[in-house]
Amino acid sequence: MAAGSIGNGNERRGAAAMMAVAVGSLMLSGCTVGPNYRPPSATRMGVPDQFSSDIAPGAEAPSVQELGSWWAALGDPLLGDLVDKALAANPDIEAAGAQLRQARAQYKNARASLFPTLDVSGSGGHTALLGKGSTTFIANPGGSGGASFATQGSYDQFSASLDAAYEVDLFGGVRRSIQAARGDYASAAETLRDTQRSIVAEVALDYIDARSAQERLAIARSNLKSQDETVQLVGWRVKAGLVSSLDLAQAKAQQETTAATIPALETSLAQSLNALAILTGQAPGSLDAAFDPPRPVPIADRALGADVPVAVLGQRPDVRSAERALAAATARIGVAKAQLYPALRLSGSLGGNGTAIGDIGTFLTGTLLASVSAPIFHGGAIRAQIENARGGADLALANYHKAVLTALSDVENALVSLANSRRRVVTLGAAVDDSRNALVFAQSQYRAGLIDFQTLLDSQRTLLSSQDGLAQARADRATALVQLYKALGGGWQAAPLPGTAMPDVPAQIEIPDLAEEPSPIPPAQTKPIERP
């Protein structure tokens, strides 16, 4: 440890000493321990040159502008309105924005360690002595003799000091911690974008499910009405003695089976509408009126391709978030290693005092301290921290590798699903036409007594099954298109920044709630409720 004191005549010498120590510390701060991060190559991550699922040759990949607002391609204004509401009020997006705000603040806090700290303090007081103008005698403790002191009336006392402290980053521990905080900050930003991407896709998928449930409900109710007429027709023929009661029992069984599918579809519709309400930050049931009257599933008859895998991964915020988390974990190895080496701390103070404010600068005293500390024995704690940091880096690398492979799998699966669902819609569309014609022939032949009732029932079941299958296939086609847009990394490019991510603004909880209605959440019961 070295220390120096600077009085009135030694200001220049003290300043020169401080400058020499500062320059020497800067010369020593060029060493940075720990590995220097370099992103893993595409080859190491197993990224192929092309996607293997080339089911739609010649299909073009969407542009960045289209990816940013891909839901507009479905041509449904209500869907676009729901997406806007979700981006503005979804709780998951607000939570990701708050985490981004925290990461930004932590990065700024880490960066502040590069600079010295300065603190100023001052005091002032007035002292009044008792016995003004008198002489005070103080006896010796032994009982013999003493001393007399002449007292003054009163006096003022003022003092001020400026204190500075700085830890020299000799081995790069501070710089590595800044790199780690910067990586966490970037990872949080990508996590927010990925949350926006996922929420937009979830809104579209739940919207498709809701419209599909409405379409399938309409099909079931239409077929149920037709089957009601069949039961009535068969009942007349039984009374006329033209057919047996077996035909009537079979007709009623078919009618009841169809009727049983309606409650399940109504439940599916209610669940989809409630999910949409939550995604848009509203209470369940808030969107029921918006879906009346029912509308069909948005038409998604488009052949969509994908760019090369490396370009697709560049649009995936989840992949970029994992890569930035890997960079942060790598930097933390250097933070842990820096603890093995000496630390140099500089501190200084400049102060003065006087009986008047103007006299403070007359009697100045400056102090400069430099201290060096080095670890000798910590029971293996530092080595354990280094090992922990290395394990964290390996974990982050594994997570990054998984994110890359998952992204590639998402695209491959979505390409296959879109191509096959488009083919399925065409096939089932033809099946519906054929089934409808077959039912017309079966009804006329049954009335003429040319076929038995079982053949008519089979024709009704086939039509209902093919119509319901076509409705599901259309929903699957739209779902596959949405999943492909999501897999390609679309949905976040034009999303607004949530209010929770804004810096230097009050937290939302600090904003007073001026709503006239009381809180819907009742206070906790302070006394047990007595039961009769």
# chains A, B, ... in the order shown; residues from 1 in each chain; ligands from 1
call {"tool": "residues_around", "arguments": {"residues": "stretch 461-476 of chain A", "least_positions_apart": "3", "cutoff": "9 Å", "atoms": "only C-alpha atoms", "output": "MDAnalysis selection string"}}
result
chainID A and resid 208:209 211:213 215:216 219:220 223 254 258 296:301 417:418 421:422 424:429 431:436 438:439 456:458 479:481
call {"tool": "select_by_dssp", "arguments": {"residues": "stretch 231-419 of chain A", "states": "strand (DSSP E)", "output": "ChimeraX atom specification"}}
result
/A:343-354,364-373
call {"tool": "write_last_selection", "arguments": {"atoms": "C-alpha atoms", "output": "compact mmCIF listing (two decimals), in the first residue's frame"}}
result
# COMPACT_ATOMS: atom_id res chain seq x y z
CA ALA A 343 -6.70 -6.16 -7.93
CA LEU A 344 -5.51 -2.54 -7.84
CA ARG A 345 -7.71 0.08 -6.22
CA LEU A 346 -7.05 3.82 -6.21
CA SER A 347 -8.70 6.31 -3.92
CA GLY A 348 -8.16 9.95 -3.19
CA SER A 349 -9.70 12.79 -1.28
CA LEU A 350 -9.42 16.55 -1.25
CA GLY A 351 -10.81 18.47 1.73
CA GLY A 352 -10.62 21.64 3.72
CA ASN A 353 -12.19 23.42 6.68
CA GLY A 354 -12.46 26.85 8.15
CA LEU A 364 -6.72 22.17 1.69
CA THR A 365 -5.48 18.66 2.34
CA GLY A 366 -5.24 16.01 -0.36
CA THR A 367 -4.72 12.26 0.07
CA LEU A 368 -3.96 9.59 -2.53
CA LEU A 369 -4.10 5.88 -1.70
CA ALA A 370 -3.27 2.90 -3.85
CA SER A 371 -3.96 -0.63 -2.59
CA VAL A 372 -3.23 -4.00 -4.13
CA SER A 373 -4.91 -7.22 -3.05
call {"tool": "atom_distance", "arguments": {"atom1": "atom CA of A:Val411", "atom2": "atom CA of A:Ala487"}}
result
5.2 Å
call {"tool": "closest_residue", "arguments": {"among": "A:Gly489, A:Thr406, A:Phe453, A:Val200", "to": "A:Leu233", "atoms": "only C-alpha atoms"}}
result
A:Phe453
call {"tool": "closest_residue", "arguments": {"among": "A:Gln339, A:Gln315, A:Asn36, A:Ser444", "to": "A:Val64", "atoms": "only C-alpha atoms"}}
result
A:Gln315
call {"tool": "atom_distance", "arguments": {"atom1": "atom CA of A:Gly97", "atom2": "atom CA of A:Pro496"}}
result
10.7 Å
